[in-house]
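Next comes final.tsv, with TSV, C-alpha atoms.
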chain	number	residue	atom	x	y	z
A	1	MET	CA	32.92	22.51	-57.63
A	2	ASN	CA	30.64	20.29	-55.54
A	3	LEU	CA	31.34	21.66	-52.07
A	4	GLU	CA	29.59	18.83	-50.22
A	5	LEU	CA	31.77	16.15	-51.79
A	6	ASP	CA	34.99	18.04	-52.52
A	7	LYS	CA	35.35	19.68	-49.12
A	8	TYR	CA	34.07	16.90	-46.85
A	9	GLN	CA	37.36	16.39	-45.02
A	10	ASP	CA	37.51	20.13	-44.34
A	11	TYR	CA	34.12	20.35	-42.67
A	12	LYS	CA	33.87	16.85	-41.16
A	13	GLU	CA	33.34	17.10	-37.40
A	14	LYS	CA	36.50	15.26	-36.38
A	15	ILE	CA	35.78	15.47	-32.66
A	16	LEU	CA	33.19	12.72	-33.17
A	17	SER	CA	34.43	9.32	-34.30
A	18	GLY	CA	33.82	5.61	-33.82
A	19	ARG	CA	30.60	3.85	-32.92
A	20	TYR	CA	30.42	4.79	-29.24
A	21	ILE	CA	28.79	8.22	-29.15
A	22	THR	CA	27.42	9.40	-25.79
A	23	ASN	CA	26.56	12.66	-24.03
A	24	GLU	CA	30.25	12.91	-23.17
A	25	SER	CA	31.05	12.89	-26.89
A	26	ILE	CA	28.51	15.64	-27.61
A	27	TYR	CA	29.75	17.81	-24.73
A	28	LYS	CA	33.11	18.02	-26.49
A	29	LEU	CA	31.33	20.29	-29.00
A	30	LYS	CA	30.06	22.76	-26.40
A	31	LYS	CA	32.59	25.43	-27.45
A	32	LYS	CA	30.98	25.41	-30.88
A	33	TYR	CA	27.31	24.86	-29.98
A	34	ASN	CA	25.07	26.17	-27.25
A	35	PHE	CA	23.32	23.08	-25.93
A	36	SER	CA	20.30	23.20	-23.65
A	37	ILE	CA	18.98	20.52	-21.32
A	38	ILE	CA	15.33	19.83	-22.12
A	39	GLY	CA	14.86	17.07	-19.57
A	40	LYS	CA	16.36	14.05	-17.87
A	41	SER	CA	16.29	10.43	-19.00
A	42	SER	CA	14.79	7.53	-17.08
A	43	ASN	CA	18.21	7.10	-15.45
A	44	ASP	CA	18.52	10.85	-14.75
A	45	LEU	CA	20.95	11.67	-17.56
A	46	PRO	CA	20.52	15.02	-19.35
A	47	ILE	CA	18.78	15.04	-22.70
A	48	LEU	CA	20.41	17.75	-24.76
A	49	SER	CA	18.89	19.95	-27.43
A	50	LEU	CA	20.31	22.42	-29.90
A	51	LYS	CA	18.44	25.23	-31.66
A	52	LEU	CA	19.98	26.79	-34.74
A	53	GLY	CA	18.60	29.49	-37.01
A	54	LYS	CA	15.67	31.89	-36.89
A	55	GLY	CA	13.88	31.13	-40.12
A	56	PRO	CA	10.18	30.35	-40.63
A	57	ILE	CA	10.78	26.80	-41.88
A	58	LYS	CA	11.08	24.58	-38.82
A	59	ILE	CA	12.73	21.15	-38.89
A	60	LEU	CA	12.74	18.88	-35.84
A	61	ILE	CA	15.62	16.37	-35.91
A	62	TRP	CA	16.35	13.66	-33.37
A	63	SER	CA	18.97	10.93	-33.30
A	64	GLN	CA	19.89	7.92	-31.17
A	65	MET	CA	16.43	7.15	-29.90
A	66	HIS	CA	18.10	3.76	-30.22
A	67	GLY	CA	21.19	4.31	-28.11
A	68	ASN	CA	23.53	2.13	-30.15
A	69	GLU	CA	22.70	3.82	-33.48
A	70	SER	CA	25.27	6.60	-33.63
A	71	THR	CA	26.33	6.95	-37.28
A	72	SER	CA	23.61	9.41	-38.18
A	73	THR	CA	24.48	11.50	-35.11
A	74	LYS	CA	28.01	11.94	-36.47
A	75	ALA	CA	26.63	12.69	-39.93
A	76	LEU	CA	24.27	15.28	-38.49
A	77	PHE	CA	27.10	17.27	-36.94
A	78	ASP	CA	29.06	17.00	-40.20
A	79	CYS	CA	26.02	18.49	-41.91
A	80	LEU	CA	25.80	21.34	-39.40
A	81	SER	CA	29.52	21.99	-39.84
A	82	PHE	CA	29.02	22.22	-43.61
A	83	PHE	CA	26.29	24.83	-43.32
A	84	ASP	CA	28.24	26.79	-40.73
A	85	LYS	CA	31.33	26.91	-42.96
A	86	TYR	CA	29.91	27.19	-46.46
A	87	ASP	CA	26.23	28.15	-46.38
A	88	SER	CA	25.39	29.92	-43.13
A	89	ASP	CA	22.77	32.06	-44.89
A	90	ILE	CA	20.34	29.16	-44.58
A	91	PHE	CA	19.88	29.93	-40.90
A	92	SER	CA	17.88	33.03	-41.82
A	93	LYS	CA	15.43	30.74	-43.63
A	94	VAL	CA	15.25	27.74	-41.34
A	95	THR	CA	15.12	26.89	-37.65
A	96	LEU	CA	16.60	23.54	-36.71
A	97	MET	CA	15.57	22.00	-33.40
A	98	ILE	CA	17.85	19.05	-32.69
A	99	ILE	CA	18.01	16.33	-30.06
A	100	PRO	CA	21.38	14.70	-30.76
A	101	ILE	CA	20.82	11.79	-28.34
A	102	LEU	CA	17.23	11.13	-27.28
A	103	ASN	CA	18.23	7.96	-25.41
A	104	PRO	CA	21.38	8.84	-23.42
A	105	ASP	CA	20.98	5.77	-21.17
A	106	GLY	CA	21.00	3.46	-24.17
A	107	ALA	CA	23.90	5.40	-25.67
A	108	LEU	CA	25.94	5.02	-22.49
A	109	ASN	CA	25.23	1.29	-22.25
A	110	TYR	CA	25.30	0.79	-26.04
A	111	THR	CA	21.81	-0.71	-26.16
A	112	ARG	CA	18.90	-0.20	-28.52
A	113	GLU	CA	16.44	0.23	-25.64
A	114	ASN	CA	16.48	2.70	-22.77
A	115	ILE	CA	17.35	1.81	-19.18
A	116	ASN	CA	13.86	0.26	-18.75
A	117	ASN	CA	14.41	-2.03	-21.77
A	118	ILE	CA	11.80	-0.12	-23.77
A	119	ASP	CA	12.21	0.56	-27.47
A	120	LEU	CA	11.39	4.28	-27.70
A	121	ASN	CA	10.42	3.88	-31.34
A	122	ARG	CA	7.57	1.60	-30.25
A	123	ASP	CA	6.37	3.90	-27.50
A	124	ALA	CA	4.71	6.69	-29.48
A	125	LYS	CA	1.17	5.68	-28.57
A	126	SER	CA	1.54	4.62	-24.95
A	127	LEU	CA	4.13	7.31	-24.10
A	128	SER	CA	5.21	5.19	-21.15
A	129	GLN	CA	8.76	6.57	-21.02
A	130	ILE	CA	10.16	9.93	-19.97
A	131	GLU	CA	12.16	10.19	-23.19
A	132	SER	CA	9.07	9.61	-25.34
A	133	ASN	CA	7.20	12.38	-23.56
A	134	ILE	CA	10.12	14.79	-23.91
A	135	LEU	CA	10.14	14.27	-27.68
A	136	ARG	CA	6.36	14.54	-27.94
A	137	ASP	CA	6.26	17.72	-25.84
A	138	LEU	CA	9.00	19.30	-27.94
A	139	TYR	CA	7.11	18.35	-31.10
A	140	SER	CA	3.96	20.05	-29.77
A	141	GLN	CA	5.81	23.18	-28.62
A	142	PHE	CA	8.00	23.58	-31.69
A	143	ASN	CA	5.26	22.73	-34.21
A	144	PRO	CA	7.72	21.63	-36.90
A	145	SER	CA	7.23	21.95	-40.64
A	146	PHE	CA	9.22	18.70	-41.12
A	147	CYS	CA	10.62	15.91	-38.94
A	148	PHE	CA	13.83	13.89	-39.47
A	149	ASN	CA	14.13	10.64	-37.50
A	150	LEU	CA	17.76	9.41	-37.61
A	151	HIS	CA	18.81	5.78	-37.19
A	152	ASP	CA	21.33	3.05	-38.05
A	153	GLN	CA	20.39	-0.25	-39.64
A	154	ARG	CA	21.94	-3.70	-39.29
A	155	THR	CA	24.50	-5.17	-41.67
A	156	ILE	CA	21.96	-7.74	-42.94
A	157	TYR	CA	20.18	-5.24	-45.19
A	158	SER	CA	20.73	-5.44	-48.92
A	159	VAL	CA	19.37	-4.00	-52.16
A	160	LYS	CA	18.01	-6.41	-54.76
A	161	GLY	CA	19.68	-9.36	-53.10
A	162	ASP	CA	23.40	-8.80	-53.02
A	163	LYS	CA	24.30	-5.11	-52.89
A	164	PRO	CA	24.72	-3.58	-49.42
A	165	SER	CA	22.07	-1.09	-48.42
A	166	VAL	CA	24.30	1.82	-47.47
A	167	LEU	CA	21.45	4.28	-46.96
A	168	SER	CA	17.77	3.55	-46.42
A	169	PHE	CA	14.81	5.86	-46.08
A	170	LEU	CA	11.15	5.71	-45.25
A	171	SER	CA	8.23	8.02	-45.72
A	172	PRO	CA	6.11	6.52	-42.93
A	173	SER	CA	2.46	5.78	-43.52
A	174	ALA	CA	-0.11	8.03	-41.90
A	175	ASP	CA	-2.77	5.33	-41.58
A	176	ILE	CA	-3.41	1.63	-42.07
A	177	GLU	CA	-4.44	2.21	-45.69
A	178	LYS	CA	-1.05	3.81	-46.44
A	179	SER	CA	-2.86	6.84	-47.80
A	180	GLU	CA	-0.88	9.25	-49.92
A	181	THR	CA	-1.58	12.26	-47.71
A	182	LYS	CA	-0.05	15.64	-48.46
A	183	SER	CA	2.55	15.26	-45.70
A	184	ARG	CA	3.46	11.78	-46.88
A	185	LYS	CA	3.81	12.91	-50.49
A	186	ASP	CA	6.15	15.70	-49.37
A	187	SER	CA	8.26	13.17	-47.46
A	188	MET	CA	8.32	10.94	-50.53
A	189	ARG	CA	9.45	13.81	-52.73
A	190	ILE	CA	12.37	14.63	-50.42
A	191	VAL	CA	13.49	10.99	-50.31
A	192	ALA	CA	13.23	10.70	-54.09
A	193	LEU	CA	15.32	13.87	-54.44
A	194	ILE	CA	17.99	12.49	-52.11
A	195	LYS	CA	18.06	9.27	-54.14
A	196	LYS	CA	18.49	11.25	-57.37
A	197	LYS	CA	21.29	13.40	-55.92
A	198	LEU	CA	23.25	10.49	-54.45
A	199	SER	CA	22.80	7.90	-57.20
A	200	VAL	CA	26.03	9.02	-58.86
A	201	ILE	CA	28.15	8.13	-55.82
A	202	LEU	CA	25.93	5.32	-54.48
A	203	PRO	CA	24.56	3.52	-57.55
A	204	GLY	CA	22.38	0.64	-56.46
A	205	ASN	CA	23.01	1.07	-52.73
A	206	ILE	CA	19.99	3.12	-51.65
A	207	SER	CA	16.77	1.44	-50.52
A	208	ARG	CA	13.56	2.10	-48.65
A	209	TYR	CA	11.82	0.40	-45.76
A	210	ASN	CA	8.51	-1.38	-45.81
A	211	ASP	CA	5.79	1.17	-45.11
A	212	ASP	CA	3.30	-0.93	-43.13
A	213	PHE	CA	1.58	1.38	-40.66
A	214	ASN	CA	2.40	1.12	-36.95
A	215	ILE	CA	0.94	3.83	-34.73
A	216	ASN	CA	3.41	2.82	-32.00
A	217	CYS	CA	6.26	4.16	-34.15
A	218	VAL	CA	7.13	7.82	-33.79
A	219	GLY	CA	7.44	8.49	-37.52
A	220	ASP	CA	4.02	7.01	-38.26
A	221	THR	CA	2.50	9.04	-35.43
A	222	PHE	CA	3.95	12.36	-36.59
A	223	GLN	CA	2.99	11.60	-40.18
A	224	SER	CA	-0.56	10.92	-39.01
A	225	LEU	CA	-0.47	14.35	-37.37
A	226	LYS	CA	0.17	15.83	-40.85
A	227	THR	CA	3.84	16.65	-40.36
A	228	PRO	CA	6.06	15.42	-43.24
A	229	THR	CA	8.39	12.94	-41.55
A	230	ILE	CA	11.37	11.03	-42.92
A	231	LEU	CA	13.22	8.09	-41.45
A	232	PHE	CA	16.96	8.20	-42.27
A	233	GLU	CA	18.90	4.93	-41.84
A	234	SER	CA	22.70	4.66	-41.99
A	235	GLY	CA	23.68	1.24	-43.30
A	236	HIS	CA	26.90	-0.64	-43.92
A	237	ILE	CA	29.42	-1.05	-46.70
A	238	GLY	CA	32.47	-3.30	-47.02
A	239	GLN	CA	34.64	-3.51	-43.92
A	240	ASP	CA	33.69	-0.05	-42.65
A	241	TYR	CA	32.55	-1.24	-39.23
A	242	GLU	CA	33.23	2.16	-37.69
A	243	ARG	CA	30.83	3.45	-40.36
A	244	GLU	CA	32.93	6.46	-41.20
A	245	GLN	CA	32.24	6.04	-44.92
A	246	THR	CA	28.52	5.62	-44.36
A	247	ARG	CA	28.64	8.69	-42.14
A	248	GLU	CA	29.88	10.72	-45.09
A	249	TYR	CA	27.07	9.53	-47.37
A	250	MET	CA	24.45	10.22	-44.70
A	251	CYS	CA	25.88	13.70	-44.26
A	252	TYR	CA	25.26	14.37	-47.95
A	253	ALA	CA	21.72	13.03	-47.62
A	254	LEU	CA	20.97	15.41	-44.75
A	255	ILE	CA	22.48	18.38	-46.60
A	256	HIS	CA	20.39	17.66	-49.70
A	257	ALA	CA	17.24	17.15	-47.61
A	258	ILE	CA	17.61	20.47	-45.80
A	259	LYS	CA	18.56	22.36	-48.95
A	260	SER	CA	15.64	20.89	-50.87
A	261	ILE	CA	13.24	22.09	-48.19
A	262	ILE	CA	14.70	25.58	-47.97
A	263	ASN	CA	14.84	26.04	-51.75
A	264	GLU	CA	11.57	24.15	-52.30
A	265	ASP	CA	13.33	21.91	-54.82
A	266	PHE	CA	11.47	18.85	-53.55
A	267	ILE	CA	8.18	20.29	-54.79
A	268	LYS	CA	9.34	19.74	-58.39
A	269	ILE	CA	9.86	16.00	-57.77
A	270	ASN	CA	7.21	13.46	-58.72
A	271	TYR	CA	6.35	11.75	-55.45
A	272	LYS	CA	5.75	8.47	-57.29
A	273	ASP	CA	9.51	8.30	-57.92
A	274	TYR	CA	9.71	7.22	-54.30
A	275	TYR	CA	8.18	3.88	-55.25
A	276	LEU	CA	10.97	3.31	-57.79
A	277	ILE	CA	13.45	2.99	-54.93
A	278	PRO	CA	13.81	-0.74	-54.18
A	279	GLU	CA	12.72	-2.05	-50.81
A	280	ASN	CA	15.28	-3.41	-48.38
A	281	THR	CA	16.06	-7.10	-48.56
A	282	LYS	CA	17.90	-9.23	-45.98
A	283	HIS	CA	20.44	-11.28	-47.92
A	284	LEU	CA	23.70	-10.20	-46.31
A	285	CYS	CA	25.82	-11.39	-43.42
A	286	ASP	CA	29.12	-10.08	-42.10
A	287	ILE	CA	31.21	-13.02	-43.34
A	288	PHE	CA	29.96	-15.66	-45.76
A	289	LEU	CA	32.01	-18.84	-46.02
A	290	LYS	CA	31.55	-21.27	-48.90
A	291	ASN	CA	32.58	-24.94	-49.07
A	292	VAL	CA	33.15	-25.41	-45.35
A	293	ASN	CA	33.56	-28.99	-44.13
A	294	ILE	CA	31.68	-29.42	-40.87
A	295	ILE	CA	30.84	-32.33	-38.58
A	296	SER	CA	27.27	-32.29	-37.29
A	297	GLU	CA	25.81	-35.19	-35.33
A	298	LYS	CA	28.71	-37.38	-36.53
A	299	LYS	CA	27.93	-36.57	-40.16
A	300	GLN	CA	30.39	-34.76	-42.40
A	301	LEU	CA	28.82	-32.06	-44.54
A	302	ASN	CA	30.01	-29.47	-47.00
A	303	VAL	CA	28.03	-26.30	-46.39
A	304	SER	CA	28.06	-22.54	-46.38
A	305	VAL	CA	28.42	-20.72	-43.07
A	306	SER	CA	27.00	-17.32	-42.18
A	307	ILE	CA	28.99	-15.42	-39.56
A	308	MET	CA	27.66	-12.31	-37.86
A	309	PHE	CA	29.31	-9.87	-35.46
A	310	LYS	CA	27.87	-9.09	-32.07
A	311	GLU	CA	28.69	-5.54	-31.02
A	312	VAL	CA	30.05	-5.58	-27.46
A	313	LEU	CA	30.86	-2.48	-25.45
A	314	ASN	CA	34.16	-2.25	-23.60
A	315	LYS	CA	33.20	0.46	-21.13
A	316	GLU	CA	36.70	0.86	-19.77
A	317	LYS	CA	38.18	1.57	-23.21
A	318	LYS	CA	34.97	3.25	-24.45
A	319	GLU	CA	35.00	1.27	-27.66
A	320	ILE	CA	32.97	-1.36	-29.44
A	321	LYS	CA	34.35	-4.82	-30.11
A	322	PHE	CA	32.93	-6.93	-32.93
A	323	MET	CA	32.65	-10.51	-31.71
A	324	PRO	CA	31.98	-13.16	-34.40
A	325	TYR	CA	29.44	-15.94	-34.00
A	326	ILE	CA	27.92	-18.55	-36.31
A	327	ASP	CA	24.49	-17.33	-37.34
A	328	ARG	CA	23.52	-20.35	-39.44
A	329	TYR	CA	24.87	-22.94	-41.81
A	330	GLY	CA	23.50	-24.89	-44.75
A	331	HIS	CA	22.94	-24.31	-48.45
A	332	PHE	CA	21.89	-20.76	-49.29
A	333	SER	CA	21.24	-19.60	-52.82
A	334	ASP	CA	20.22	-16.09	-51.82
A	335	MET	CA	22.95	-15.02	-49.40
A	336	THR	CA	26.28	-13.27	-49.65
A	337	GLY	CA	28.56	-11.45	-47.24
A	338	HIS	CA	30.26	-8.14	-46.74
A	339	LEU	CA	33.24	-10.48	-46.87
A	340	THR	CA	32.88	-13.72	-48.84
A	341	LEU	CA	35.55	-16.42	-48.69
A	342	ASP	CA	35.84	-19.87	-50.26
A	343	PHE	CA	37.10	-22.62	-47.93
A	344	ILE	CA	37.63	-25.04	-50.84
A	345	THR	CA	41.35	-25.25	-50.07
A	346	VAL	CA	40.82	-25.77	-46.32
A	347	GLU	CA	41.05	-29.51	-45.59
A	348	GLN	CA	40.09	-29.25	-41.92
A	349	SER	CA	36.64	-30.38	-40.81
A	350	PHE	CA	35.07	-28.17	-38.15
A	351	ASP	CA	33.14	-29.89	-35.38
A	352	LEU	CA	29.99	-27.96	-34.43
A	353	SER	CA	30.15	-29.41	-30.92
A	354	ASN	CA	33.51	-27.72	-30.37
A	355	ASN	CA	33.07	-24.57	-28.29
A	356	PHE	CA	36.07	-23.03	-30.04
A	357	ILE	CA	34.84	-23.60	-33.58
A	358	ILE	CA	34.35	-19.89	-34.23
A	359	ASN	CA	37.98	-19.22	-33.23
A	360	GLU	CA	39.15	-21.94	-35.61
A	361	LEU	CA	37.03	-20.58	-38.45
A	362	MET	CA	38.22	-17.02	-37.88
A	363	SER	CA	41.85	-18.15	-37.88
A	364	HIS	CA	41.35	-19.44	-41.42
A	365	VAL	CA	39.34	-16.34	-42.34
A	366	ASP	CA	42.31	-14.17	-41.40
A	367	LYS	CA	44.63	-16.24	-43.59
A	368	LEU	CA	42.28	-16.42	-46.57
A	369	ARG	CA	41.45	-12.74	-46.36
A	370	ILE	CA	45.04	-12.02	-47.36
A	371	ILE	CA	45.26	-14.67	-50.07
A	372	GLN	CA	41.88	-14.14	-51.71
Could you write out this structure as structure tokens?
Amino acid sequence: MNLELDKYQDYKEKILSGRYITNESIYKLKKKYNFSIIGKSSNDLPILSLKLGKGPIKILIWSQMHGNESTSTKALFDCLSFFDKYDSDIFSKVTLMIIPILNPDGALNYTRENINNIDLNRDAKSLSQIESNILRDLYSQFNPSFCFNLHDQRTIYSVKGDKPSVLSFLSPSADIEKSETKSRKDSMRIVALIKKKLSVILPGNISRYNDDFNINCVGDTFQSLKTPTILFESGHIGQDYEREQTREYMCYALIHAIKSIINEDFIKINYKDYYLIPENTKHLCDIFLKNVNIISEKKQLNVSVSIMFKEVLNKEKKEIKFMPYIDRYGHFSDMTGHLTLDFITVEQSFDLSNNFIINELMSHVDKLRIIQ
């Protein structure tokens, strides 16, 4: 029996769901976990931490440094639930230091940046923000053996052109030359192991990020300080806009990563296998429409239309709405969509000067979605 896969619904942390994950969401787990407050955000919200285990291997994990990237936070607590229920012995071998939401202001407002409109993942060198200093101080005090940096990625990312990138990883560079330092090789080995373990259930849907060095990024900084660091990115698949399916896959990735460190399985992996993982491409949109008749500057054209969703927070309902907009139109040979529809049977011509064109397009999308 494969406990991770077969028992997922049993250990999934059902208290956490949806895309809007805030401190309030995490506090619902306080009966199960003993959270500490390690500081306050720029807008005076508590930044929570969680320490689990007493083992000599130390892993520092942080999530939601981009406030609107919550899938990996959910996956992380699924992972912790798995170990608590089925493999609690690991906590004698490892100590996990976790910041579930580094950017609580961004999480509350559902923004990438913090309250000062600063991207915390570009603040590692200047350390201009309170949140950046809290993470850096914890890194120095905890002196981790490994670092996990958890994120979400946009729906545009693909693998080899047309397959959705459901999970992406990066072993950040430690310098401008992209040197294969010991810490970077160890990160590569862990990523390659994850890819090997998950290829059966995610064939062709795992990718890696470009590894150009940027000292302003936290992962690059920690890697340069000789701590093996991995960037985990939860992507998108199909119509799973709540990312509950991606959450499950990311949970497995985290379980395999932690297990491989504890059991030293990653050491047996050839680090060069990391380079066999294809790099992310950007050939996807949310909805791709073919053969759309449009009117532009009094000319009638038959084109393809790329529609993207803007994620909009409804604070009153505490939920995210996905609002469609036209990203671009024209003739694209290298693009597809998470939903692709052919408008060949739609006789209507859509006037680009009409402010309600997106509503008209989406009305036909809803009809064709059922037929096609």
Residue nearest Asn114 of chain A - candidates A:Ile326, A:Leu301, A:Ile269, A:Met65, atoms counted: only C-alpha atoms: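 With only C-alpha atoms as the atom set, the closest residue is A:Met65.
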When distances are computed from all atoms listed in the file, which of A:Glu279, A:Asp44, A:Asp119, A:Asp87 shows the smallest separation from Ile255 of chain A? A:Asp87
Report as a compact mmCIF listing (two decimals) with C-alpha atoms, keeping the file's coordinate frame all protein, DNA and RNA residues lying within 10 Å of segment 346-361 of chain A, evaluated on all atoms listed in the file, omitting residues in the same chain fewer than 6 positions from it.
# COMPACT_ATOMS: atom_id res chain seq x y z
CA LEU A 289 32.01 -18.84 -46.02
CA ASN A 291 32.58 -24.94 -49.07
CA VAL A 292 33.15 -25.41 -45.35
CA ASN A 293 33.56 -28.99 -44.13
CA ILE A 294 31.68 -29.42 -40.87
CA ILE A 295 30.84 -32.33 -38.58
CA SER A 296 27.27 -32.29 -37.29
CA GLU A 297 25.81 -35.19 -35.33
CA LYS A 298 28.71 -37.38 -36.53
CA LYS A 299 27.93 -36.57 -40.16
CA GLN A 300 30.39 -34.76 -42.40
CA LEU A 301 28.82 -32.06 -44.54
CA ASN A 302 30.01 -29.47 -47.00
CA VAL A 305 28.42 -20.72 -43.07
CA ILE A 307 28.99 -15.42 -39.56
CA MET A 323 32.65 -10.51 -31.71
CA PRO A 324 31.98 -13.16 -34.40
CA TYR A 325 29.44 -15.94 -34.00
CA ILE A 326 27.92 -18.55 -36.31
CA LEU A 368 42.28 -16.42 -46.57
Minimum-distance residue to Gly39 of chain A, chosen among A:Gly67, A:Gly235, A:Pro172, A:Pro104 (using all atoms listed in the file): A:Pro104
A:Glu244, A:Asp220, A:Glu13, A:Asp342: which is nearest Ile26 of chain A, counting only C-alpha atoms?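 So, comparing all the options, the nearest one is A:Glu13.
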Can you tell me, as a list in words, what residues are no more than 6 Å from segment 56-61 of chain A when counting only C-alpha atoms, ignoring any on the same chain fewer than 3 positions away?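 So the residues in contact are Val94, Thr95, Leu96, Met97, Ile98, Pro144, Ser145, Phe146, Cys147 and Phe148 of chain A.
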Could you write those residues out with C-alpha atoms, as an mmCIF file, keeping the file's coordinate frame?
data_model
loop_
_atom_site.group_PDB
_atom_site.id
_atom_site.type_symbol
_atom_site.label_atom_id
_atom_site.label_comp_id
_atom_site.auth_asym_id
_atom_site.auth_seq_id
_atom_site.Cartn_x
_atom_site.Cartn_y
_atom_site.Cartn_z
ATOM 1 C CA VAL A 94 15.250 27.740 -41.340
ATOM 2 C CA THR A 95 15.120 26.890 -37.650
ATOM 3 C CA LEU A 96 16.600 23.540 -36.710
ATOM 4 C CA MET A 97 15.570 22.000 -33.400
ATOM 5 C CA ILE A 98 17.850 19.050 -32.690
ATOM 6 C CA PRO A 144 7.720 21.630 -36.900
ATOM 7 C CA SER A 145 7.230 21.950 -40.640
ATOM 8 C CA PHE A 146 9.220 18.700 -41.120
ATOM 9 C CA CYS A 147 10.620 15.910 -38.940
ATOM 10 C CA PHE A 148 13.830 13.890 -39.470
#
Might you pull out every residue within 12 Å of Lys74 of chain A, with only C-alpha atoms counted and same-chain residues fewer than 4 positions away left off, and present them as a ChimeraX atom specification? /A:12-22,25-26,29,63-64,69-70,78-81,100-101,150-152,234,242-251,254
Any idea what the distance is between atom CA of Asn117 of chain A and atom CA of Arg154 of chain A?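 Between atom CA of Asn117 of chain A and atom CA of Arg154 of chain A the gap is 19.1 Å.
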How many Å separate atom CA of His338 of chain A from atom CA of Ser304 of chain A?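 Calculated distance between atom CA of His338 of chain A and atom CA of Ser304 of chain A is 14.6 Å.
Pairwise distance (atom CA of Ser306 of chain A, atom CA of Phe232 of chain A) equals 27.4 Å.
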Would you pick out the contacts of Pro164 of chain A at 7 Å or less, using only C-alpha atoms, so that residues sharing its chain but fewer than 5 positions from it are not included, and give the list as a list in words? Tyr157, Ser158, Val159, Asn205, His236 and Ile237 of chain A
Selection near Ser49 of chain A, 7 Å with all atoms listed in the file, sequence-local residues under 5 positions removed, as number ranges by chain: A: 35-38, 98-100
Give the padded box for segment 48-58 of chain A as lines of an AutoDock Vina configuration file: axis-aligned, covering all atoms listed in the file, 5 Å on each side, centre and edge lengths in Å to one decimal.
center_x = 15.3
center_y = 24.8
center_z = -33.3
size_x = 20.2
size_y = 24.1
size_z = 27.1
Quick one: of A:Val191, A:Ile134, A:Ile201, A:Leu225, who's nearest to Ala174 of chain A, counting all atoms listed in the file? A:Leu225
Using only C-alpha atoms, find the one residue out of A:Ile258, A:Leu108, A:Val303, A:Leu339 that sits nearest to Pro46 of chain A.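 Nearest to Pro46 of chain A: A:Leu108.
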Output requested as a CSV table (one decimal), in the frame of the given file - segment 195-209 of chain A, filled out with N, CA and C atoms.
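The result, stored in selection-v1.csv:
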chain,number,residue,atom,x,y,z
A,195,LYS,N,17.6,10.4,-53.3
A,195,LYS,CA,18.1,9.3,-54.1
A,195,LYS,C,18.7,9.8,-55.5
A,196,LYS,N,18.0,10.7,-56.1
A,196,LYS,CA,18.5,11.2,-57.4
A,196,LYS,C,19.8,11.9,-57.2
A,197,LYS,N,20.0,12.7,-56.1
A,197,LYS,CA,21.3,13.4,-55.9
A,197,LYS,C,22.4,12.5,-55.6
A,198,LEU,N,22.2,11.4,-54.9
A,198,LEU,CA,23.2,10.5,-54.4
A,198,LEU,C,23.5,9.3,-55.3
A,199,SER,N,22.7,9.1,-56.3
A,199,SER,CA,22.8,7.9,-57.2
A,199,SER,C,24.1,7.8,-57.9
A,200,VAL,N,24.7,9.0,-58.2
A,200,VAL,CA,26.0,9.0,-58.9
A,200,VAL,C,27.1,8.4,-58.0
A,201,ILE,N,27.1,8.7,-56.7
A,201,ILE,CA,28.2,8.1,-55.8
A,201,ILE,C,27.7,6.8,-55.1
A,202,LEU,N,26.4,6.5,-55.1
A,202,LEU,CA,25.9,5.3,-54.5
A,202,LEU,C,25.0,4.6,-55.4
A,203,PRO,N,25.5,4.2,-56.6
A,203,PRO,CA,24.6,3.5,-57.6
A,203,PRO,C,24.2,2.2,-57.0
A,204,GLY,N,22.9,2.0,-56.9
A,204,GLY,CA,22.4,0.6,-56.5
A,204,GLY,C,22.5,0.3,-55.0
A,205,ASN,N,22.8,1.3,-54.2
A,205,ASN,CA,23.0,1.1,-52.7
A,205,ASN,C,22.1,1.9,-51.8
A,206,ILE,N,21.0,2.4,-52.4
A,206,ILE,CA,20.0,3.1,-51.6
A,206,ILE,C,18.7,2.4,-51.7
A,207,SER,N,18.0,2.2,-50.6
A,207,SER,CA,16.8,1.4,-50.5
A,207,SER,C,15.8,2.1,-49.6
A,208,ARG,N,14.6,1.6,-49.5
A,208,ARG,CA,13.6,2.1,-48.6
A,208,ARG,C,13.0,1.0,-47.8
A,209,TYR,N,12.4,1.4,-46.7
A,209,TYR,CA,11.8,0.4,-45.8
A,209,TYR,C,10.4,0.1,-46.1
